[in-house]
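Q: This is final_29.tsv, which holds TSV, C-alpha atoms:
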```tsv
chain	number	residue	atom	x	y	z
A	1	MET	CA	148.84	-45.02	-62.59
A	2	SER	CA	148.51	-42.55	-65.48
A	3	PRO	CA	148.02	-44.07	-68.93
A	4	THR	CA	150.96	-44.03	-71.32
A	5	HIS	CA	150.85	-42.32	-74.69
A	6	ASP	CA	150.31	-45.64	-76.48
A	7	ASP	CA	147.48	-46.61	-74.10
A	8	VAL	CA	145.24	-43.75	-75.25
A	9	LEU	CA	145.71	-44.22	-78.99
A	10	VAL	CA	142.53	-45.00	-80.93
A	11	GLU	CA	142.57	-48.66	-81.96
A	12	SER	CA	139.13	-48.87	-83.58
A	13	ILE	CA	135.81	-47.07	-84.01
A	14	GLU	CA	132.55	-48.98	-84.42
A	15	THR	CA	129.06	-47.62	-85.11
A	16	VAL	CA	125.78	-49.46	-84.44
A	17	ILE	CA	122.18	-48.37	-85.13
A	18	LEU	CA	119.47	-49.30	-82.64
A	19	ASP	CA	115.69	-48.83	-82.74
A	20	VAL	CA	114.56	-48.33	-79.14
A	21	PRO	CA	110.78	-48.53	-78.46
A	22	LEU	CA	108.96	-45.82	-76.51
A	23	ARG	CA	106.40	-46.29	-73.73
A	24	ARG	CA	103.96	-44.10	-75.62
A	25	PRO	CA	103.99	-42.25	-78.96
A	26	HIS	CA	105.65	-38.83	-78.82
A	27	LYS	CA	104.22	-36.39	-81.36
A	28	PHE	CA	106.34	-33.56	-82.76
A	29	ALA	CA	105.12	-30.92	-85.21
A	30	ARG	CA	106.03	-33.05	-88.23
A	31	VAL	CA	106.51	-36.64	-87.04
A	32	THR	CA	105.29	-39.05	-84.39
A	33	LEU	CA	107.81	-41.33	-82.69
A	34	HIS	CA	106.95	-44.87	-81.67
A	35	ALA	CA	110.59	-45.94	-81.48
A	36	GLN	CA	113.68	-43.75	-81.39
A	37	PRO	CA	116.50	-44.55	-83.83
A	38	VAL	CA	119.85	-44.27	-82.03
A	39	LEU	CA	123.43	-44.44	-83.29
A	40	LEU	CA	126.06	-45.73	-80.86
A	41	VAL	CA	129.73	-44.94	-81.42
A	42	PHE	CA	132.32	-47.14	-79.68
A	43	VAL	CA	135.89	-45.80	-79.53
A	44	ARG	CA	138.36	-48.47	-78.37
A	45	THR	CA	141.87	-47.49	-77.29
A	46	ARG	CA	145.00	-49.59	-77.63
A	47	ALA	CA	144.80	-50.35	-73.89
A	48	GLY	CA	141.28	-51.79	-74.33
A	49	ILE	CA	139.36	-48.84	-72.86
A	50	VAL	CA	136.04	-48.30	-74.65
A	51	GLY	CA	134.36	-44.90	-74.80
A	52	THR	CA	130.79	-44.65	-76.03
A	53	GLY	CA	128.84	-41.79	-77.58
A	54	GLU	CA	125.31	-41.49	-78.87
A	55	GLY	CA	123.99	-39.85	-82.02
A	56	VAL	CA	120.27	-39.12	-81.95
A	57	VAL	CA	117.92	-36.62	-83.57
A	58	PRO	CA	114.25	-36.15	-82.63
A	59	GLY	CA	112.56	-38.30	-85.23
A	60	GLY	CA	114.85	-38.02	-88.24
A	61	PRO	CA	116.25	-35.36	-90.58
A	62	TRP	CA	113.26	-33.00	-90.41
A	63	TRP	CA	114.75	-31.27	-87.34
A	64	GLY	CA	118.47	-30.85	-87.93
A	65	GLY	CA	119.10	-32.29	-91.40
A	66	GLU	CA	120.80	-35.45	-90.12
A	67	SER	CA	119.62	-38.98	-89.37
A	68	VAL	CA	121.17	-42.00	-87.71
A	69	GLU	CA	121.73	-43.41	-91.19
A	70	SER	CA	123.61	-40.34	-92.43
A	71	MET	CA	125.61	-40.18	-89.19
A	72	LYS	CA	126.76	-43.78	-89.54
A	73	VAL	CA	127.95	-43.29	-93.12
A	74	THR	CA	129.69	-40.01	-92.29
A	75	ILE	CA	131.49	-41.44	-89.27
A	76	ASP	CA	132.46	-44.76	-90.86
A	77	THR	CA	133.62	-43.25	-94.15
A	78	TYR	CA	135.07	-39.86	-93.28
A	79	ILE	CA	135.59	-39.35	-89.53
A	80	ALA	CA	136.88	-42.70	-88.23
A	81	PRO	CA	139.89	-42.83	-90.60
A	82	LEU	CA	141.00	-39.40	-89.33
A	83	LEU	CA	141.11	-40.62	-85.71
A	84	HIS	CA	142.70	-44.05	-86.04
A	85	GLY	CA	146.04	-44.28	-84.23
A	86	ARG	CA	145.69	-40.84	-82.60
A	87	PRO	CA	145.41	-40.09	-78.84
A	88	VAL	CA	141.97	-39.61	-77.31
A	89	ASP	CA	143.34	-36.96	-74.94
A	90	ARG	CA	143.90	-34.49	-77.81
A	91	ILE	CA	140.22	-33.82	-78.41
A	92	ASP	CA	140.47	-30.21	-79.58
A	93	ASP	CA	143.15	-31.20	-82.08
A	94	LEU	CA	141.16	-34.22	-83.28
A	95	MET	CA	137.90	-32.34	-83.70
A	96	ARG	CA	139.63	-29.47	-85.50
A	97	ASP	CA	140.85	-31.98	-88.09
A	98	VAL	CA	137.39	-33.53	-88.29
A	99	THR	CA	135.84	-30.11	-88.94
A	100	ASP	CA	138.45	-29.41	-91.64
A	101	HIS	CA	137.31	-32.54	-93.48
A	102	VAL	CA	133.59	-32.69	-92.60
A	103	ALA	CA	131.43	-29.57	-92.71
A	104	ALA	CA	128.29	-29.28	-90.56
A	105	ASN	CA	127.16	-32.81	-89.45
A	106	LEU	CA	127.05	-31.60	-85.85
A	107	TYR	CA	125.05	-34.57	-84.57
A	108	ALA	CA	127.60	-37.03	-85.97
A	109	LYS	CA	130.44	-34.98	-84.51
A	110	THR	CA	128.76	-34.94	-81.10
A	111	ALA	CA	128.51	-38.73	-81.02
A	112	VAL	CA	132.23	-39.07	-81.78
A	113	GLU	CA	133.36	-36.26	-79.46
A	114	VAL	CA	131.36	-37.66	-76.54
A	115	ALA	CA	132.87	-41.13	-77.12
A	116	LEU	CA	136.37	-39.60	-77.08
A	117	HIS	CA	135.64	-37.85	-73.77
A	118	ASP	CA	134.24	-41.06	-72.30
A	119	ALA	CA	137.35	-43.02	-73.35
A	120	TRP	CA	139.73	-40.35	-72.06
A	121	ALA	CA	137.94	-39.99	-68.71
A	122	ARG	CA	137.81	-43.77	-68.26
A	123	SER	CA	141.53	-44.05	-68.99
A	124	LEU	CA	142.14	-41.52	-66.17
A	125	GLY	CA	139.56	-43.07	-63.83
A	126	VAL	CA	137.59	-39.81	-63.51
A	127	PRO	CA	134.06	-38.68	-64.46
A	128	VAL	CA	133.60	-36.75	-67.71
A	129	HIS	CA	132.53	-33.67	-65.76
A	130	THR	CA	136.07	-33.48	-64.37
A	131	LEU	CA	137.33	-32.92	-67.91
A	132	LEU	CA	134.76	-30.12	-68.28
A	133	GLY	CA	135.99	-28.22	-65.21
A	134	GLY	CA	134.22	-30.04	-62.39
A	135	LEU	CA	130.71	-29.88	-60.98
A	136	ALA	CA	128.75	-26.67	-60.62
A	137	ARG	CA	125.83	-28.77	-59.27
A	138	ASP	CA	125.19	-32.48	-58.74
A	139	ARG	CA	121.58	-32.61	-59.99
A	140	ILE	CA	119.22	-30.68	-62.20
A	141	GLU	CA	115.45	-30.19	-62.28
A	142	VAL	CA	113.65	-32.01	-65.09
A	143	THR	CA	110.68	-30.70	-67.07
A	144	TRP	CA	108.39	-33.39	-68.51
A	145	ALA	CA	107.61	-32.95	-72.22
A	146	LEU	CA	104.34	-34.02	-73.82
A	147	GLY	CA	103.53	-34.51	-77.48
A	148	ALA	CA	101.02	-32.51	-79.53
A	149	GLU	CA	98.08	-34.60	-78.32
A	150	PRO	CA	94.43	-33.56	-77.70
A	151	ALA	CA	93.85	-31.40	-74.63
A	152	GLY	CA	92.15	-34.16	-72.62
A	153	VAL	CA	95.02	-36.58	-73.18
A	154	VAL	CA	97.58	-33.96	-72.13
A	155	VAL	CA	95.63	-32.92	-69.02
A	156	ASP	CA	95.27	-36.54	-67.92
A	157	GLU	CA	99.03	-37.13	-68.27
A	158	ILE	CA	99.92	-33.92	-66.40
A	159	GLN	CA	97.55	-34.78	-63.55
A	160	ARG	CA	98.97	-38.29	-63.28
A	161	ILE	CA	102.55	-37.02	-63.13
A	162	LEU	CA	101.69	-34.27	-60.65
A	163	ALA	CA	100.05	-36.86	-58.41
A	164	SER	CA	103.24	-38.92	-58.48
A	165	GLY	CA	105.27	-35.93	-57.27
A	166	ASP	CA	107.90	-36.52	-59.97
A	167	HIS	CA	107.62	-33.27	-61.97
A	168	ARG	CA	106.18	-29.78	-61.51
A	169	SER	CA	106.91	-28.26	-64.93
A	170	PHE	CA	105.70	-29.44	-68.33
A	171	LYS	CA	106.46	-28.60	-71.95
A	172	LEU	CA	103.66	-28.94	-74.49
A	173	LYS	CA	104.41	-29.52	-78.18
A	174	MET	CA	102.64	-27.33	-80.74
A	175	GLY	CA	102.78	-26.85	-84.50
A	176	ALA	CA	100.95	-29.94	-85.77
A	177	LEU	CA	97.52	-28.24	-86.03
A	178	ASP	CA	96.08	-25.11	-87.57
A	179	PRO	CA	97.48	-22.27	-85.42
A	180	ALA	CA	94.08	-21.08	-84.15
A	181	ASP	CA	93.07	-24.63	-83.22
A	182	ASP	CA	96.43	-25.17	-81.54
A	183	ILE	CA	95.97	-22.02	-79.46
A	184	ASP	CA	92.52	-23.21	-78.39
A	185	ARG	CA	93.99	-26.60	-77.39
A	186	ILE	CA	96.77	-25.08	-75.28
A	187	ALA	CA	94.45	-22.48	-73.72
A	188	ALA	CA	92.12	-25.29	-72.65
A	189	ILE	CA	95.02	-27.13	-71.02
A	190	ALA	CA	96.26	-23.97	-69.32
A	191	GLU	CA	92.78	-23.20	-67.98
A	192	LYS	CA	92.82	-26.50	-66.10
A	193	MET	CA	96.49	-26.79	-65.15
A	194	SER	CA	98.33	-23.44	-65.05
A	195	SER	CA	97.51	-22.89	-61.37
A	196	SER	CA	98.99	-26.29	-60.46
A	197	ALA	CA	102.09	-26.52	-62.67
A	198	SER	CA	104.51	-24.52	-64.77
A	199	LEU	CA	103.51	-24.88	-68.44
A	200	ARG	CA	105.78	-24.11	-71.39
A	201	VAL	CA	105.16	-24.59	-75.13
A	202	ASP	CA	107.41	-25.53	-78.04
A	203	LEU	CA	106.30	-24.67	-81.56
A	204	ASN	CA	109.22	-26.44	-83.30
A	205	ALA	CA	109.73	-23.41	-85.59
A	206	ARG	CA	106.40	-23.94	-87.39
A	207	TRP	CA	104.83	-20.45	-87.41
A	208	ASP	CA	105.60	-17.21	-89.23
A	209	LEU	CA	106.05	-13.79	-87.66
A	210	PRO	CA	102.51	-12.39	-88.24
A	211	THR	CA	100.86	-15.53	-86.87
A	212	SER	CA	103.12	-15.48	-83.83
A	213	LEU	CA	102.50	-11.81	-83.07
A	214	ARG	CA	98.75	-12.30	-83.46
A	215	LEU	CA	98.27	-15.48	-81.43
A	216	LEU	CA	101.09	-15.90	-78.92
A	217	PRO	CA	99.93	-13.07	-76.58
A	218	ARG	CA	96.86	-15.23	-75.93
A	219	LEU	CA	99.12	-18.00	-74.61
A	220	ALA	CA	100.87	-15.59	-72.28
A	221	ALA	CA	97.49	-14.37	-71.01
A	222	ALA	CA	96.36	-17.98	-70.48
A	223	GLY	CA	99.24	-18.65	-68.08
A	224	ILE	CA	101.95	-20.18	-70.28
A	225	ASP	CA	105.32	-19.43	-68.65
A	226	LEU	CA	107.68	-19.76	-71.63
A	227	ILE	CA	107.42	-19.99	-75.44
A	228	GLU	CA	110.05	-21.93	-77.37
A	229	GLN	CA	111.08	-21.27	-80.99
A	230	PRO	CA	107.88	-20.17	-82.75
A	231	VAL	CA	109.61	-19.28	-86.06
A	232	PRO	CA	112.23	-21.03	-88.25
A	233	GLY	CA	115.74	-21.12	-86.84
A	234	ASP	CA	117.31	-18.77	-89.37
A	235	GLN	CA	114.71	-16.03	-88.69
A	236	ILE	CA	116.49	-14.54	-85.69
A	237	ASP	CA	115.25	-10.99	-86.37
A	238	ALA	CA	111.68	-12.30	-86.33
A	239	LEU	CA	112.37	-14.19	-83.11
A	240	ALA	CA	113.68	-10.95	-81.60
A	241	GLU	CA	110.53	-9.06	-82.59
A	242	ILE	CA	108.38	-11.74	-80.94
A	243	ASN	CA	110.53	-11.73	-77.81
A	244	HIS	CA	110.27	-7.97	-77.47
A	245	ALA	CA	106.47	-8.15	-77.88
A	246	LEU	CA	105.72	-10.86	-75.30
A	247	PRO	CA	105.57	-10.50	-71.50
A	248	VAL	CA	106.89	-14.07	-70.95
A	249	PRO	CA	110.33	-15.48	-71.84
A	250	VAL	CA	111.06	-16.76	-75.33
A	251	MET	CA	113.53	-19.64	-75.69
A	252	ALA	CA	115.76	-20.20	-78.74
A	253	ASP	CA	116.41	-23.78	-79.84
A	254	GLU	CA	116.62	-24.27	-83.62
A	255	SER	CA	118.17	-20.78	-83.80
A	256	LEU	CA	121.20	-21.87	-81.74
A	257	ARG	CA	123.75	-24.25	-83.22
A	258	THR	CA	126.96	-22.27	-83.76
A	259	SER	CA	128.89	-19.45	-82.13
A	260	GLN	CA	127.75	-17.17	-84.96
A	261	ASP	CA	124.13	-18.00	-84.07
A	262	ALA	CA	124.86	-17.19	-80.44
A	263	LEU	CA	126.35	-13.81	-81.31
A	264	ARG	CA	123.30	-12.89	-83.41
A	265	LEU	CA	120.99	-13.94	-80.58
A	266	VAL	CA	122.93	-11.75	-78.16
A	267	ARG	CA	123.06	-8.72	-80.47
A	268	THR	CA	119.33	-8.79	-81.17
A	269	ARG	CA	118.24	-10.00	-77.69
A	270	ALA	CA	116.13	-12.49	-79.62
A	271	ALA	CA	115.63	-14.88	-76.69
A	272	ASP	CA	115.62	-14.69	-72.90
A	273	VAL	CA	116.69	-18.36	-72.56
A	274	TRP	CA	118.75	-20.68	-74.78
A	275	SER	CA	118.00	-24.38	-75.16
A	276	MET	CA	121.38	-26.10	-75.03
A	277	LYS	CA	121.19	-29.53	-76.62
A	278	LEU	CA	124.57	-31.21	-76.55
A	279	THR	CA	123.55	-33.20	-79.63
A	280	LYS	CA	122.95	-30.24	-81.94
A	281	VAL	CA	126.12	-28.20	-81.43
A	282	GLY	CA	128.97	-30.67	-82.01
A	283	GLY	CA	129.91	-31.90	-78.54
A	284	PHE	CA	130.91	-30.96	-75.02
A	285	ARG	CA	133.45	-28.30	-75.83
A	286	ARG	CA	131.32	-26.32	-78.26
A	287	ALA	CA	128.37	-26.58	-75.88
A	288	ARG	CA	130.43	-25.39	-72.91
A	289	ASP	CA	131.68	-22.38	-74.91
A	290	LEU	CA	128.17	-21.45	-76.06
A	291	VAL	CA	126.79	-21.66	-72.51
A	292	ALA	CA	129.62	-19.39	-71.31
A	293	LEU	CA	128.92	-16.93	-74.12
A	294	GLY	CA	125.27	-16.76	-73.11
A	295	ALA	CA	126.16	-16.34	-69.44
A	296	ALA	CA	128.47	-13.45	-70.30
A	297	ALA	CA	125.50	-11.76	-71.97
A	298	GLY	CA	123.19	-12.50	-69.03
A	299	ILE	CA	121.26	-15.22	-70.89
A	300	PRO	CA	120.67	-18.47	-68.99
A	301	CYS	CA	120.61	-21.88	-70.67
A	302	HIS	CA	118.21	-24.79	-70.36
A	303	ALA	CA	119.47	-28.36	-70.89
A	304	GLY	CA	117.31	-29.58	-73.77
A	305	THR	CA	116.77	-33.08	-75.12
A	306	SER	CA	116.60	-34.85	-78.46
A	307	ILE	CA	114.99	-37.87	-76.73
A	308	GLU	CA	118.27	-39.56	-75.80
A	309	THR	CA	118.61	-42.93	-74.11
A	310	GLY	CA	120.21	-43.22	-70.69
A	311	LEU	CA	123.61	-43.06	-72.38
A	312	GLY	CA	122.99	-39.83	-74.28
A	313	THR	CA	121.14	-38.35	-71.32
A	314	ALA	CA	124.14	-39.09	-69.09
A	315	ALA	CA	126.32	-37.09	-71.49
A	316	SER	CA	123.90	-34.15	-71.46
A	317	LEU	CA	123.70	-34.41	-67.67
A	318	HIS	CA	127.49	-34.12	-67.25
A	319	LEU	CA	127.35	-30.91	-69.30
A	320	ALA	CA	124.32	-29.58	-67.41
A	321	CYS	CA	125.99	-30.17	-64.05
A	322	ALA	CA	129.41	-28.81	-65.09
A	323	ALA	CA	128.37	-25.65	-66.95
A	324	PRO	CA	127.55	-22.85	-64.47
A	325	GLY	CA	125.34	-21.04	-67.00
A	326	ILE	CA	122.75	-23.83	-67.26
A	327	THR	CA	120.46	-22.39	-64.62
A	328	TRP	CA	117.05	-22.77	-66.28
A	329	GLY	CA	116.60	-26.46	-65.47
A	330	SER	CA	116.40	-29.24	-68.01
A	331	GLU	CA	114.22	-31.43	-70.17
A	332	LEU	CA	116.36	-34.54	-69.70
A	333	PHE	CA	113.41	-36.90	-69.33
A	334	GLY	CA	114.35	-39.12	-72.29
A	335	PRO	CA	115.09	-42.37	-70.38
A	336	LEU	CA	111.66	-42.21	-68.74
A	337	LEU	CA	110.01	-42.28	-72.18
A	338	PHE	CA	111.68	-45.49	-73.35
A	339	ALA	CA	110.01	-48.87	-72.91
A	340	GLU	CA	113.50	-50.24	-72.32
A	341	ASP	CA	116.84	-48.51	-71.92
A	342	ILE	CA	120.27	-49.54	-73.14
A	343	ILE	CA	122.31	-48.93	-69.98
A	344	ALA	CA	122.87	-51.55	-67.29
A	345	GLU	CA	121.94	-49.33	-64.33
A	346	PRO	CA	119.35	-46.56	-64.79
A	347	LEU	CA	120.08	-42.93	-64.09
A	348	ARG	CA	118.73	-41.63	-60.80
A	349	PHE	CA	115.56	-39.55	-61.03
A	350	ALA	CA	114.29	-38.36	-57.64
A	351	ALA	CA	111.79	-35.65	-56.63
A	352	GLY	CA	111.78	-34.09	-60.09
A	353	HIS	CA	115.58	-33.97	-60.38
A	354	LEU	CA	118.15	-36.01	-62.27
A	355	HIS	CA	121.37	-36.79	-60.39
A	356	VAL	CA	124.73	-36.92	-62.18
A	357	PRO	CA	126.52	-40.30	-62.08
A	358	THR	CA	129.79	-40.42	-60.16
A	359	GLY	CA	131.67	-43.28	-61.85
A	360	PRO	CA	134.45	-42.95	-64.42
A	361	GLY	CA	133.66	-41.63	-67.88
A	362	LEU	CA	129.96	-40.99	-68.38
A	363	GLY	CA	129.29	-43.09	-65.29
A	364	VAL	CA	127.00	-45.51	-67.14
A	365	THR	CA	127.61	-48.79	-68.94
A	366	VAL	CA	125.91	-49.93	-72.13
A	367	ASP	CA	124.07	-53.25	-71.72
A	368	PRO	CA	125.39	-55.58	-74.47
A	369	GLU	CA	122.25	-57.72	-74.33
A	370	ALA	CA	120.06	-54.68	-75.00
A	371	VAL	CA	122.30	-53.67	-77.91
A	372	ARG	CA	122.04	-57.15	-79.43
A	373	ALA	CA	118.26	-57.20	-79.04
A	374	LEU	CA	117.67	-53.71	-80.48
A	375	ARG	CA	120.40	-53.60	-83.12
A	376	ARG	CA	119.31	-52.81	-86.66
A	377	ARG	CA	120.75	-55.36	-89.07
A	378	GLY	CA	120.94	-53.10	-92.11
A	379	LEU	CA	121.49	-49.40	-92.64
A	380	THR	CA	117.78	-48.67	-93.07
A	381	ARG	CA	114.68	-50.11	-91.46
A	382	ASP	CA	113.11	-53.19	-93.06
```
Using structure tokens, write down the structure that the file contains.
A:
Amino acid sequence: MSPTHDDVLVESIETVILDVPLRRPHKFARVTLHAQPVLLVFVRTRAGIVGTGEGVVPGGPWWGGESVESMKVTIDTYIAPLLHGRPVDRIDDLMRDVTDHVAANLYAKTAVEVALHDAWARSLGVPVHTLLGGLARDRIEVTWALGAEPAGVVVDEIQRILASGDHRSFKLKMGALDPADDIDRIAAIAEKMSSSASLRVDLNARWDLPTSLRLLPRLAAAGIDLIEQPVPGDQIDALAEINHALPVPVMADESLRTSQDALRLVRTRAADVWSMKLTKVGGFRRARDLVALGAAAGIPCHAGTSIETGLGTAASLHLACAAPGITWGSELFGPLLFAEDIIAEPLRFAAGHLHVPTGPGLGVTVDPEAVRALRRRGLTRD
């Protein structure tokens, strides 16, 4: 039976911060993660349906300007009051009002928008991907990402994972060292592993244009298959110059958050691939539109990660499997990095692929015991 109008009205919105430990440290250009801070958003309808979304950034505000702490305050103070008593099946209308009152804050908006989709889909008894147009695929290949660790540590981890048969492509973080030393480190890894696996690098927007033009051709010659975001996100003209100079694909990540960013990337042909992180663009609908824009320009998308739990990864997976233009695989390995996850039943990883859940909503259920154990008692860490 279809839900009534009153059934889908928002009754309450709750936010909870968790600190979820990792199996091993994960080193970005500026920070090293030992535990991932996560914001959960619970949207409860008048009929008792609960939709859940996740707000997460890779290690704090250094990457996108937001943190779980800022997301919680923004949602509790400014976004939740706008949604109370309104229907979850009017998502475009709701998010338009949110954007009118809250500029930027795309990570916070994603957490809310995903929770609204989850609640709406659960009220209908259908998977979220149905609301996005249905499945284009039911699984997606997963690239394993490694931190900016010494070459020997990285080679050992790649060899172990290759031996397991779980992954064949790997992304290596750069940007934490002097550029010349970083190039030597990656070249040493590529010398040992490029014949056995696909290797990509991510510079997290740490280099300038001259350094990139001088050093990145050496990575291409060493056997690196793809180079992600060498320069700051707003330097799209510089990214274009690098892309035109290199014989391997360049991927845009920090340069892609809005439709205006996408149009600039298309006009300048600044990247051959776009990293589509659901978290960074404001939710399913904005992400779907950006993927379609790229596809219209002949630019494929890759499903990126902000190191989400099983919940956030499930959301990204629904997008990745529903959007036809996401044809460059994914980096949705987040749940495998956590020492413990927050969903009752794990997502299915098999033979290097992640399979989309088939149940209603996101198809996963948050484990209340895990939430109680990992919940942060105050706004900030002790």
Q: What lies within 9 Å of A:Thr110 using only C-alpha atoms, ignoring chain neighbours under 6 positions off, as JSON, numbers by chain?
A: {"A": [53, 54, 55, 278, 279, 280, 281, 282, 283, 284]}
Q: Using Å and a single decimal, report how far atom CA of A:Ala205 sits from atom CA of A:Ser259.
A: 19.9 Å
Q: Using only C-alpha atoms, which residue out of A:Gly378, A:Gly294, A:Pro324, A:Pro87 lies closest to A:Asp138?
A: A:Pro324
Q: I want to know what sits within 9 Å of A:Val291, based on all atoms listed in the file, with residues of the same chain fewer than 6 positions away left out; could you give that as a list in words?
A: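 Answer for this query is Trp274, Met276, Ile299, Pro300, Cys301, Ala323, Pro324, Gly325 and Ile326 of chain A.
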Q: Show which residues sit within 6 Å of stretch 365-367 of chain A, as a PDB file with C-alpha atoms, in the coordinates of the input. Count all atoms listed in the file, and ignore same-chain residues fewer than 3 positions away.
A:
```pdb
ATOM      1  CA  ILE A 342     120.270 -49.540 -73.140  1.00  0.00           C
ATOM      2  CA  ILE A 343     122.310 -48.930 -69.980  1.00  0.00           C
ATOM      3  CA  ALA A 344     122.870 -51.550 -67.290  1.00  0.00           C
ATOM      4  CA  ALA A 370     120.060 -54.680 -75.000  1.00  0.00           C
TER       5      ALA A 370
END
```
Q: Measuring between all atoms listed in the file, which one of A:Arg381, A:Pro127, A:Val73, A:Ala262 shows the shortest distance to A:Ala292?
A: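 Closest to A:Ala292 of all the choices is A:Ala262.
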Q: Should you be able to, write stretch 197-213 of chain A of this structure into a file that contains N, CA, C and O atoms, as a PDB file, in the first residue's frame.
A:
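What follows is the written file decode_17.pdb:
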```
ATOM      1  N   ALA A 197      50.010  -4.777 -11.888  1.00  0.00           N
ATOM      2  CA  ALA A 197      48.780  -4.119 -11.444  1.00  0.00           C
ATOM      3  C   ALA A 197      48.670  -2.756 -12.095  1.00  0.00           C
ATOM      4  O   ALA A 197      49.669  -2.174 -12.541  1.00  0.00           O
ATOM      5  N   SER A 198      47.447  -2.243 -12.144  1.00  0.00           N
ATOM      6  CA  SER A 198      47.231  -0.865 -12.578  1.00  0.00           C
ATOM      7  C   SER A 198      47.507   0.061 -11.399  1.00  0.00           C
ATOM      8  O   SER A 198      46.918  -0.090 -10.325  1.00  0.00           O
ATOM      9  N   LEU A 199      48.397   1.035 -11.611  1.00  0.00           N
ATOM     10  CA  LEU A 199      48.773   1.983 -10.559  1.00  0.00           C
ATOM     11  C   LEU A 199      48.342   3.386 -10.940  1.00  0.00           C
ATOM     12  O   LEU A 199      48.605   3.853 -12.054  1.00  0.00           O
ATOM     13  N   ARG A 200      47.664   4.058 -10.019  1.00  0.00           N
ATOM     14  CA  ARG A 200      47.271   5.457 -10.201  1.00  0.00           C
ATOM     15  C   ARG A 200      47.839   6.250  -9.032  1.00  0.00           C
ATOM     16  O   ARG A 200      48.137   5.683  -7.979  1.00  0.00           O
ATOM     17  N   VAL A 201      47.968   7.571  -9.185  1.00  0.00           N
ATOM     18  CA  VAL A 201      48.442   8.412  -8.079  1.00  0.00           C
ATOM     19  C   VAL A 201      47.469   9.563  -7.857  1.00  0.00           C
ATOM     20  O   VAL A 201      46.786  10.014  -8.776  1.00  0.00           O
ATOM     21  N   ASP A 202      47.430  10.025  -6.616  1.00  0.00           N
ATOM     22  CA  ASP A 202      46.598  11.157  -6.215  1.00  0.00           C
ATOM     23  C   ASP A 202      47.464  12.120  -5.438  1.00  0.00           C
ATOM     24  O   ASP A 202      47.967  11.788  -4.368  1.00  0.00           O
ATOM     25  N   LEU A 203      47.617  13.349  -5.970  1.00  0.00           N
ATOM     26  CA  LEU A 203      48.478  14.337  -5.333  1.00  0.00           C
ATOM     27  C   LEU A 203      47.726  15.258  -4.376  1.00  0.00           C
ATOM     28  O   LEU A 203      48.328  16.150  -3.772  1.00  0.00           O
ATOM     29  N   ASN A 204      46.415  15.071  -4.250  1.00  0.00           N
ATOM     30  CA  ASN A 204      45.614  15.883  -3.312  1.00  0.00           C
ATOM     31  C   ASN A 204      45.860  17.379  -3.475  1.00  0.00           C
ATOM     32  O   ASN A 204      45.925  18.131  -2.496  1.00  0.00           O
ATOM     33  N   ALA A 205      46.055  17.817  -4.746  1.00  0.00           N
ATOM     34  CA  ALA A 205      46.142  19.249  -5.076  1.00  0.00           C
ATOM     35  C   ALA A 205      47.321  19.949  -4.410  1.00  0.00           C
ATOM     36  O   ALA A 205      47.248  21.137  -4.108  1.00  0.00           O
ATOM     37  N   ARG A 206      48.443  19.254  -4.246  1.00  0.00           N
ATOM     38  CA  ARG A 206      49.564  19.793  -3.466  1.00  0.00           C
ATOM     39  C   ARG A 206      50.647  20.485  -4.293  1.00  0.00           C
ATOM     40  O   ARG A 206      51.473  21.208  -3.753  1.00  0.00           O
ATOM     41  N   TRP A 207      50.685  20.278  -5.623  1.00  0.00           N
ATOM     42  CA  TRP A 207      51.791  20.820  -6.401  1.00  0.00           C
ATOM     43  C   TRP A 207      51.349  22.056  -7.180  1.00  0.00           C
ATOM     44  O   TRP A 207      50.158  22.337  -7.324  1.00  0.00           O
ATOM     45  N   ASP A 208      52.339  22.800  -7.699  1.00  0.00           N
ATOM     46  CA  ASP A 208      52.028  23.910  -8.589  1.00  0.00           C
ATOM     47  C   ASP A 208      52.246  23.473 -10.036  1.00  0.00           C
ATOM     48  O   ASP A 208      52.693  22.346 -10.309  1.00  0.00           O
ATOM     49  N   LEU A 209      51.929  24.357 -10.958  1.00  0.00           N
ATOM     50  CA  LEU A 209      52.011  24.008 -12.377  1.00  0.00           C
ATOM     51  C   LEU A 209      53.437  23.683 -12.824  1.00  0.00           C
ATOM     52  O   LEU A 209      53.658  22.643 -13.468  1.00  0.00           O
ATOM     53  N   PRO A 210      54.460  24.529 -12.525  1.00  0.00           N
ATOM     54  CA  PRO A 210      55.811  24.199 -12.998  1.00  0.00           C
ATOM     55  C   PRO A 210      56.323  22.861 -12.461  1.00  0.00           C
ATOM     56  O   PRO A 210      56.943  22.086 -13.203  1.00  0.00           O
ATOM     57  N   THR A 211      56.069  22.589 -11.182  1.00  0.00           N
ATOM     58  CA  THR A 211      56.513  21.320 -10.607  1.00  0.00           C
ATOM     59  C   THR A 211      55.833  20.148 -11.306  1.00  0.00           C
ATOM     60  O   THR A 211      56.468  19.134 -11.630  1.00  0.00           O
ATOM     61  N   SER A 212      54.552  20.295 -11.561  1.00  0.00           N
ATOM     62  CA  SER A 212      53.807  19.224 -12.217  1.00  0.00           C
ATOM     63  C   SER A 212      54.326  18.969 -13.628  1.00  0.00           C
ATOM     64  O   SER A 212      54.521  17.807 -14.033  1.00  0.00           O
ATOM     65  N   LEU A 213      54.534  20.033 -14.393  1.00  0.00           N
ATOM     66  CA  LEU A 213      55.016  19.861 -15.765  1.00  0.00           C
ATOM     67  C   LEU A 213      56.418  19.280 -15.799  1.00  0.00           C
ATOM     68  O   LEU A 213      56.772  18.531 -16.727  1.00  0.00           O
TER      69      LEU A 213
END
```
